[in-house]
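Asker: As input, take model13.pdb (PDB, N, CA and C atoms):
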```
ATOM      1  N   MET A   1       0.850  -1.176   0.000
ATOM      2  CA  MET A   1       0.000   0.000   0.000
ATOM      3  C   MET A   1       0.892   1.235   0.000
ATOM      4  N   ILE A   2       0.467   2.235  -0.744
ATOM      5  CA  ILE A   2       1.214   3.483  -0.849
ATOM      6  C   ILE A   2       0.344   4.610  -0.307
ATOM      7  N   VAL A   3       0.916   5.449   0.529
ATOM      8  CA  VAL A   3       0.218   6.630   1.038
ATOM      9  C   VAL A   3       0.948   7.851   0.512
ATOM     10  N   LEU A   4       0.219   8.778  -0.056
ATOM     11  CA  LEU A   4       0.781   9.990  -0.639
ATOM     12  C   LEU A   4       0.140  11.189   0.044
ATOM     13  N   LYS A   5       0.949  12.088   0.575
ATOM     14  CA  LYS A   5       0.443  13.306   1.199
ATOM     15  C   LYS A   5       0.963  14.497   0.409
ATOM     16  N   ILE A   6       0.065  15.335  -0.061
ATOM     17  CA  ILE A   6       0.449  16.532  -0.801
ATOM     18  C   ILE A   6       0.519  17.682   0.195
ATOM     19  N   THR A   7       1.682  18.314   0.272
ATOM     20  CA  THR A   7       1.880  19.345   1.289
ATOM     21  C   THR A   7       1.943  20.762   0.732
ATOM     22  N   ASN A   8       1.880  20.912  -0.580
ATOM     23  CA  ASN A   8       1.977  22.260  -1.152
ATOM     24  C   ASN A   8       0.819  22.593  -2.080
ATOM     25  N   ALA A   9      -0.379  22.146  -1.730
ATOM     26  CA  ALA A   9      -1.542  22.359  -2.584
ATOM     27  C   ALA A   9      -1.801  23.838  -2.849
ATOM     28  N   SER A  10      -1.673  24.677  -1.847
ATOM     29  CA  SER A  10      -1.913  26.113  -2.034
ATOM     30  C   SER A  10      -0.904  26.722  -2.999
ATOM     31  N   GLU A  11       0.346  26.286  -2.908
ATOM     32  CA  GLU A  11       1.374  26.791  -3.819
ATOM     33  C   GLU A  11       1.090  26.366  -5.263
ATOM     34  N   VAL A  12       0.638  25.127  -5.430
ATOM     35  CA  VAL A  12       0.313  24.633  -6.771
ATOM     36  C   VAL A  12      -0.851  25.440  -7.349
ATOM     37  N   MET A  13      -1.878  25.661  -6.544
ATOM     38  CA  MET A  13      -3.022  26.438  -7.008
ATOM     39  C   MET A  13      -2.608  27.873  -7.341
ATOM     40  N   ALA A  14      -1.735  28.464  -6.533
ATOM     41  CA  ALA A  14      -1.273  29.825  -6.792
ATOM     42  C   ALA A  14      -0.510  29.893  -8.110
ATOM     43  N   SER A  15       0.285  28.876  -8.406
ATOM     44  CA  SER A  15       1.050  28.881  -9.655
ATOM     45  C   SER A  15       0.141  28.701 -10.872
ATOM     46  N   LYS A  16      -0.972  27.998 -10.685
ATOM     47  CA  LYS A  16      -1.901  27.769 -11.789
ATOM     48  C   LYS A  16      -2.905  28.915 -11.952
ATOM     49  N   LEU A  17      -3.387  29.469 -10.825
ATOM     50  CA  LEU A  17      -4.434  30.487 -10.865
ATOM     51  C   LEU A  17      -3.916  31.913 -10.694
ATOM     52  N   GLY A  18      -2.750  32.037 -10.093
ATOM     53  CA  GLY A  18      -2.257  33.358  -9.727
ATOM     54  C   GLY A  18      -2.507  33.580  -8.247
ATOM     55  N   LYS A  19      -1.681  34.401  -7.633
ATOM     56  CA  LYS A  19      -1.746  34.630  -6.183
ATOM     57  C   LYS A  19      -3.093  35.207  -5.754
ATOM     58  N   PHE A  20      -3.640  36.151  -6.519
ATOM     59  CA  PHE A  20      -4.885  36.795  -6.108
ATOM     60  C   PHE A  20      -6.037  35.805  -6.045
ATOM     61  N   LEU A  21      -6.254  35.044  -7.103
ATOM     62  CA  LEU A  21      -7.352  34.075  -7.110
ATOM     63  C   LEU A  21      -7.146  32.988  -6.073
ATOM     64  N   GLU A  22      -5.914  32.569  -5.877
ATOM     65  CA  GLU A  22      -5.634  31.527  -4.873
ATOM     66  C   GLU A  22      -5.985  32.032  -3.488
ATOM     67  N   SER A  23      -5.744  33.317  -3.229
ATOM     68  CA  SER A  23      -6.036  33.873  -1.898
ATOM     69  C   SER A  23      -7.536  33.895  -1.618
ATOM     70  N   LEU A  24      -8.353  33.818  -2.656
ATOM     71  CA  LEU A  24      -9.807  33.815  -2.486
ATOM     72  C   LEU A  24     -10.374  32.432  -2.215
ATOM     73  N   THR A  25      -9.589  31.389  -2.470
ATOM     74  CA  THR A  25     -10.071  30.023  -2.266
ATOM     75  C   THR A  25      -9.575  29.494  -0.923
ATOM     76  N   PRO A  26     -10.412  28.781  -0.196
ATOM     77  CA  PRO A  26      -9.976  28.199   1.079
ATOM     78  C   PRO A  26      -8.955  27.079   0.857
ATOM     79  N   ASP A  27      -8.079  26.884   1.834
ATOM     80  CA  ASP A  27      -7.039  25.864   1.719
ATOM     81  C   ASP A  27      -7.624  24.470   1.504
ATOM     82  N   GLY A  28      -8.760  24.178   2.124
ATOM     83  CA  GLY A  28      -9.396  22.872   1.948
ATOM     84  C   GLY A  28      -9.796  22.628   0.502
ATOM     85  N   PHE A  29     -10.267  23.676  -0.164
ATOM     86  CA  PHE A  29     -10.622  23.564  -1.580
ATOM     87  C   PHE A  29      -9.381  23.289  -2.408
ATOM     88  N   ASP A  30      -8.283  24.009  -2.112
ATOM     89  CA  ASP A  30      -7.023  23.792  -2.825
ATOM     90  C   ASP A  30      -6.563  22.350  -2.674
ATOM     91  N   GLN A  31      -6.589  21.846  -1.451
ATOM     92  CA  GLN A  31      -6.131  20.481  -1.169
ATOM     93  C   GLN A  31      -6.981  19.473  -1.939
ATOM     94  N   THR A  32      -8.293  19.636  -1.880
ATOM     95  CA  THR A  32      -9.205  18.723  -2.559
ATOM     96  C   THR A  32      -8.994  18.745  -4.068
ATOM     97  N   THR A  33      -8.864  19.925  -4.632
ATOM     98  CA  THR A  33      -8.683  20.063  -6.077
ATOM     99  C   THR A  33      -7.404  19.396  -6.542
ATOM    100  N   VAL A  34      -6.296  19.666  -5.854
ATOM    101  CA  VAL A  34      -5.011  19.079  -6.237
ATOM    102  C   VAL A  34      -5.047  17.565  -6.046
ATOM    103  N   GLU A  35      -5.629  17.085  -4.955
ATOM    104  CA  GLU A  35      -5.730  15.637  -4.737
ATOM    105  C   GLU A  35      -6.530  14.970  -5.855
ATOM    106  N   ASP A  36      -7.627  15.587  -6.270
ATOM    107  CA  ASP A  36      -8.454  15.005  -7.332
ATOM    108  C   ASP A  36      -7.686  14.919  -8.651
ATOM    109  N   ILE A  37      -6.925  15.955  -8.962
ATOM    110  CA  ILE A  37      -6.130  15.945 -10.193
ATOM    111  C   ILE A  37      -5.054  14.869 -10.131
ATOM    112  N   VAL A  38      -4.347  14.790  -9.001
ATOM    113  CA  VAL A  38      -3.290  13.785  -8.828
ATOM    114  C   VAL A  38      -3.883  12.385  -8.886
ATOM    115  N   LEU A  39      -5.018  12.175  -8.237
ATOM    116  CA  LEU A  39      -5.660  10.864  -8.224
ATOM    117  C   LEU A  39      -6.025  10.434  -9.641
ATOM    118  N   ARG A  40      -6.633  11.323 -10.400
ATOM    119  CA  ARG A  40      -7.034  11.003 -11.772
ATOM    120  C   ARG A  40      -5.822  10.687 -12.656
ATOM    121  N   LYS A  41      -4.788  11.547 -12.585
ATOM    122  CA  LYS A  41      -3.592  11.344 -13.411
ATOM    123  C   LYS A  41      -2.839  10.082 -13.000
ATOM    124  N   LEU A  42      -2.771   9.820 -11.699
ATOM    125  CA  LEU A  42      -2.099   8.622 -11.211
ATOM    126  C   LEU A  42      -2.793   7.371 -11.742
ATOM    127  N   ALA A  43      -4.115   7.334 -11.657
ATOM    128  CA  ALA A  43      -4.867   6.182 -12.159
ATOM    129  C   ALA A  43      -4.666   6.009 -13.666
ATOM    130  N   GLU A  44      -4.698   7.114 -14.413
ATOM    131  CA  GLU A  44      -4.490   7.053 -15.861
ATOM    132  C   GLU A  44      -3.102   6.512 -16.203
ATOM    133  N   ASN A  45      -2.082   7.024 -15.539
ATOM    134  CA  ASN A  45      -0.707   6.607 -15.840
ATOM    135  C   ASN A  45      -0.438   5.156 -15.441
ATOM    136  N   LEU A  46      -0.960   4.736 -14.304
ATOM    137  CA  LEU A  46      -0.762   3.345 -13.886
ATOM    138  C   LEU A  46      -1.493   2.388 -14.828
ATOM    139  N   ALA A  47      -2.702   2.746 -15.227
ATOM    140  CA  ALA A  47      -3.444   1.914 -16.171
ATOM    141  C   ALA A  47      -2.711   1.817 -17.502
ATOM    142  N   ALA A  48      -2.112   2.912 -17.948
ATOM    143  CA  ALA A  48      -1.360   2.913 -19.206
ATOM    144  C   ALA A  48      -0.152   1.984 -19.126
ATOM    145  N   GLU A  49       0.370   1.760 -17.937
ATOM    146  CA  GLU A  49       1.508   0.858 -17.739
ATOM    147  C   GLU A  49       1.056  -0.584 -17.531
ATOM    148  N   GLY A  50      -0.249  -0.824 -17.556
ATOM    149  CA  GLY A  50      -0.768  -2.176 -17.384
ATOM    150  C   GLY A  50      -0.956  -2.576 -15.928
ATOM    151  N   ILE A  51      -0.841  -1.632 -15.029
ATOM    152  CA  ILE A  51      -1.009  -1.912 -13.601
ATOM    153  C   ILE A  51      -2.488  -1.789 -13.265
ATOM    154  N   ARG A  52      -2.998  -2.757 -12.506
ATOM    155  CA  ARG A  52      -4.384  -2.717 -12.065
ATOM    156  C   ARG A  52      -4.436  -2.511 -10.571
ATOM    157  N   GLY A  53      -5.409  -1.763 -10.123
ATOM    158  CA  GLY A  53      -5.554  -1.528  -8.698
ATOM    159  C   GLY A  53      -6.581  -0.461  -8.406
ATOM    160  N   GLU A  54      -6.467   0.133  -7.242
ATOM    161  CA  GLU A  54      -7.377   1.177  -6.792
ATOM    162  C   GLU A  54      -6.569   2.267  -6.115
ATOM    163  N   VAL A  55      -7.067   3.482  -6.209
ATOM    164  CA  VAL A  55      -6.445   4.606  -5.520
ATOM    165  C   VAL A  55      -7.569   5.406  -4.869
ATOM    166  N   LEU A  56      -7.313   5.876  -3.643
ATOM    167  CA  LEU A  56      -8.340   6.564  -2.876
ATOM    168  C   LEU A  56      -7.815   7.886  -2.318
ATOM    169  N   ALA A  57      -8.697   8.862  -2.242
ATOM    170  CA  ALA A  57      -8.422  10.082  -1.492
ATOM    171  C   ALA A  57      -9.205   9.935  -0.193
ATOM    172  N   VAL A  58      -8.505   9.958   0.938
ATOM    173  CA  VAL A  58      -9.114   9.687   2.232
ATOM    174  C   VAL A  58      -9.048  10.932   3.104
ATOM    175  N   GLN A  59     -10.188  11.286   3.681
ATOM    176  CA  GLN A  59     -10.246  12.410   4.602
ATOM    177  C   GLN A  59     -10.243  11.866   6.023
ATOM    178  N   GLY A  60      -9.445  12.467   6.908
ATOM    179  CA  GLY A  60      -9.385  12.036   8.299
ATOM    180  C   GLY A  60      -8.198  11.150   8.615
ATOM    181  N   LEU A  61      -7.288  11.003   7.669
ATOM    182  CA  LEU A  61      -6.071  10.212   7.843
ATOM    183  C   LEU A  61      -4.901  11.139   7.588
ATOM    184  N   ASP A  62      -3.886  11.081   8.434
ATOM    185  CA  ASP A  62      -2.741  11.972   8.276
ATOM    186  C   ASP A  62      -1.458  11.221   8.613
ATOM    187  N   ILE A  63      -0.346  11.765   8.166
ATOM    188  CA  ILE A  63       0.971  11.206   8.453
ATOM    189  C   ILE A  63       1.586  12.021   9.586
ATOM    190  N   GLU A  64       2.158  11.350  10.580
ATOM    191  CA  GLU A  64       2.828  12.054  11.674
ATOM    192  C   GLU A  64       3.958  12.903  11.128
ATOM    193  N   SER A  65       4.319  13.935  11.852
ATOM    194  CA  SER A  65       5.296  14.917  11.372
ATOM    195  C   SER A  65       6.630  14.295  10.977
ATOM    196  N   GLU A  66       7.067  13.296  11.642
ATOM    197  CA  GLU A  66       8.347  12.659  11.329
ATOM    198  C   GLU A  66       8.165  11.423  10.449
ATOM    199  N   GLY A  67       6.945  11.196   9.990
ATOM    200  CA  GLY A  67       6.686  10.044   9.136
ATOM    201  C   GLY A  67       6.754   8.718   9.872
ATOM    202  N   ALA A  68       6.633   8.761  11.190
ATOM    203  CA  ALA A  68       6.762   7.553  11.988
ATOM    204  C   ALA A  68       5.500   6.705  11.993
ATOM    205  N   GLY A  69       4.380   7.285  11.599
ATOM    206  CA  GLY A  69       3.150   6.521  11.627
ATOM    207  C   GLY A  69       1.992   7.306  11.056
ATOM    208  N   LEU A  70       0.827   6.705  11.133
ATOM    209  CA  LEU A  70      -0.389   7.331  10.639
ATOM    210  C   LEU A  70      -1.254   7.788  11.801
ATOM    211  N   VAL A  71      -1.966   8.874  11.598
ATOM    212  CA  VAL A  71      -2.888   9.399  12.603
ATOM    213  C   VAL A  71      -4.296   9.262  12.042
ATOM    214  N   LEU A  72      -5.183   8.617  12.810
ATOM    215  CA  LEU A  72      -6.586   8.503  12.436
ATOM    216  C   LEU A  72      -7.368   9.524  13.248
ATOM    217  N   HIS A  73      -8.084  10.408  12.553
ATOM    218  CA  HIS A  73      -8.898  11.407  13.232
ATOM    219  C   HIS A  73     -10.269  10.823  13.535
ATOM    220  N   ASP A  74     -11.135  11.602  14.172
ATOM    221  CA  ASP A  74     -12.447  11.113  14.606
ATOM    222  C   ASP A  74     -13.237  10.448  13.488
ATOM    223  N   ARG A  75     -13.254  11.085  12.328
ATOM    224  CA  ARG A  75     -14.043  10.533  11.217
ATOM    225  C   ARG A  75     -13.141  10.327  10.011
ATOM    226  N   VAL A  76     -12.986   9.079   9.617
ATOM    227  CA  VAL A  76     -12.214   8.741   8.425
ATOM    228  C   VAL A  76     -13.198   8.322   7.345
ATOM    229  N   ARG A  77     -13.078   8.946   6.171
ATOM    230  CA  ARG A  77     -13.983   8.578   5.081
ATOM    231  C   ARG A  77     -13.247   8.664   3.750
ATOM    232  N   VAL A  78     -13.677   7.848   2.817
ATOM    233  CA  VAL A  78     -13.134   7.867   1.463
ATOM    234  C   VAL A  78     -13.830   8.997   0.724
ATOM    235  N   ARG A  79     -13.049   9.973   0.283
ATOM    236  CA  ARG A  79     -13.584  11.128  -0.419
ATOM    237  C   ARG A  79     -13.665  10.906  -1.914
ATOM    238  N   GLN A  80     -12.725  10.156  -2.459
ATOM    239  CA  GLN A  80     -12.662   9.878  -3.896
ATOM    240  C   GLN A  80     -12.076   8.487  -4.097
ATOM    241  N   HIS A  81     -12.562   7.754  -5.087
ATOM    242  CA  HIS A  81     -12.113   6.385  -5.304
ATOM    243  C   HIS A  81     -12.040   6.140  -6.807
ATOM    244  N   ALA A  82     -10.941   5.609  -7.261
ATOM    245  CA  ALA A  82     -10.786   5.288  -8.685
ATOM    246  C   ALA A  82     -10.181   3.899  -8.833
ATOM    247  N   ARG A  83     -10.772   3.097  -9.706
ATOM    248  CA  ARG A  83     -10.213   1.796 -10.074
ATOM    249  C   ARG A  83      -9.552   1.934 -11.421
ATOM    250  N   PHE A  84      -8.458   1.223 -11.608
ATOM    251  CA  PHE A  84      -7.771   1.267 -12.903
ATOM    252  C   PHE A  84      -7.288  -0.111 -13.253
TER     253      PHE A  84
END
```
Go through the file and emit its structure as structure tokens.

Answerer:
Amino acid sequence: MIVLKITNASEVMASKLGKFLESLTPDGFDQTTVEDIVLRKLAENLAAEGIRGEVLAVQGLDIESEGAGLVLHDRVRVRQHARF
């Protein structure tokens, strides 16, 4: 299993939209948007390589600051799911 955490979603959105428009969007929206794009592209690229599987965007799961483990928050839910 692979866990991927995107830590610069706001910066990515700012580079794509410009600083002014990015400042108008909440950080949660930025994170969700970037995760959805990465999830879709990841599934497309893995499928193109002949790899089969599933990829999920999960809300309520986090990586500890030193990468020593996973943190489960009160409510964990699958926000996005793609099979390839």

Asker: Can you tell me, as a PyMOL selection string, which residues in chain A count as helix (DSSP H, G or I) by DSSP?

Answerer: chain A and resi 9-17+19-24+27-48

Asker: Just how far from atom N of Arg52 in chain A is CA of Ile6 in chain A, in Å to one decimal?

Answerer: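 Distance between the two atoms: 22.8 Å.
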
Asker: Expressed in Å to a single decimal, how great is the separation between atom N of Ser10 in chain A and CA of Phe29 in chain A?

Answerer: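 CA of Phe29 in chain A lies at a distance of 9.0 Å from atom N of Ser10 in chain A.
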
Asker: I would like the residues chosen by the PyMOL selection byres (((chain A and resi 58 and name CA) around 8) and name CA) on the shown file; could you give them as a list in words?

Answerer: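 This file, filtered by the PyMOL selection byres (((chain A and resi 58 and name CA) around 8) and name CA), leaves Leu56, Ala57, Gln59, Gly60, Leu61, Val76, Arg77, Val78, Arg79 and Gln80 of chain A.
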
Asker: Using only N, CA and C atoms, what residues lie at most 6.5 Å away from (-2.0, 10.0, 2.7) (file coordinates), given as a list in words?

Answerer: Val3, Leu4, Lys5, Ile6, Leu61, Asp62 and Ile63 of chain A

Asker: Calculated over all atoms listed in the file, which of the candidates A:Ala68, A:Glu11, A:Glu54, A:Arg83 has the smallest distance to Asp30 in chain A?

Answerer: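 Distance minimum relative to Asp30 in chain A lands on A:Glu11.
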
Asker: Which is closer to Thr33 in chain A than all the others in A:Ala48, A:Ala9, A:Met1, A:Leu70, using only N, CA and C atoms?

Answerer: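 For Thr33 in chain A, the nearest of the candidates is A:Ala9.
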
Asker: Would you mind writing down, as a PyMOL selection string, each residue of chain A that DSSP on the backbone assigns to strand (DSSP E or B)?

Answerer: chain A and resi 54-63+70-83

Asker: For each of A:Leu72, A:Ile2, A:Met13, A:Val55, take the minimum atom-to-atom distance to Val34 in chain A, counting all atoms listed in the file, then give the residue where this is smallest.

Answerer: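 Under the stated criterion, the closest residue is A:Met13.
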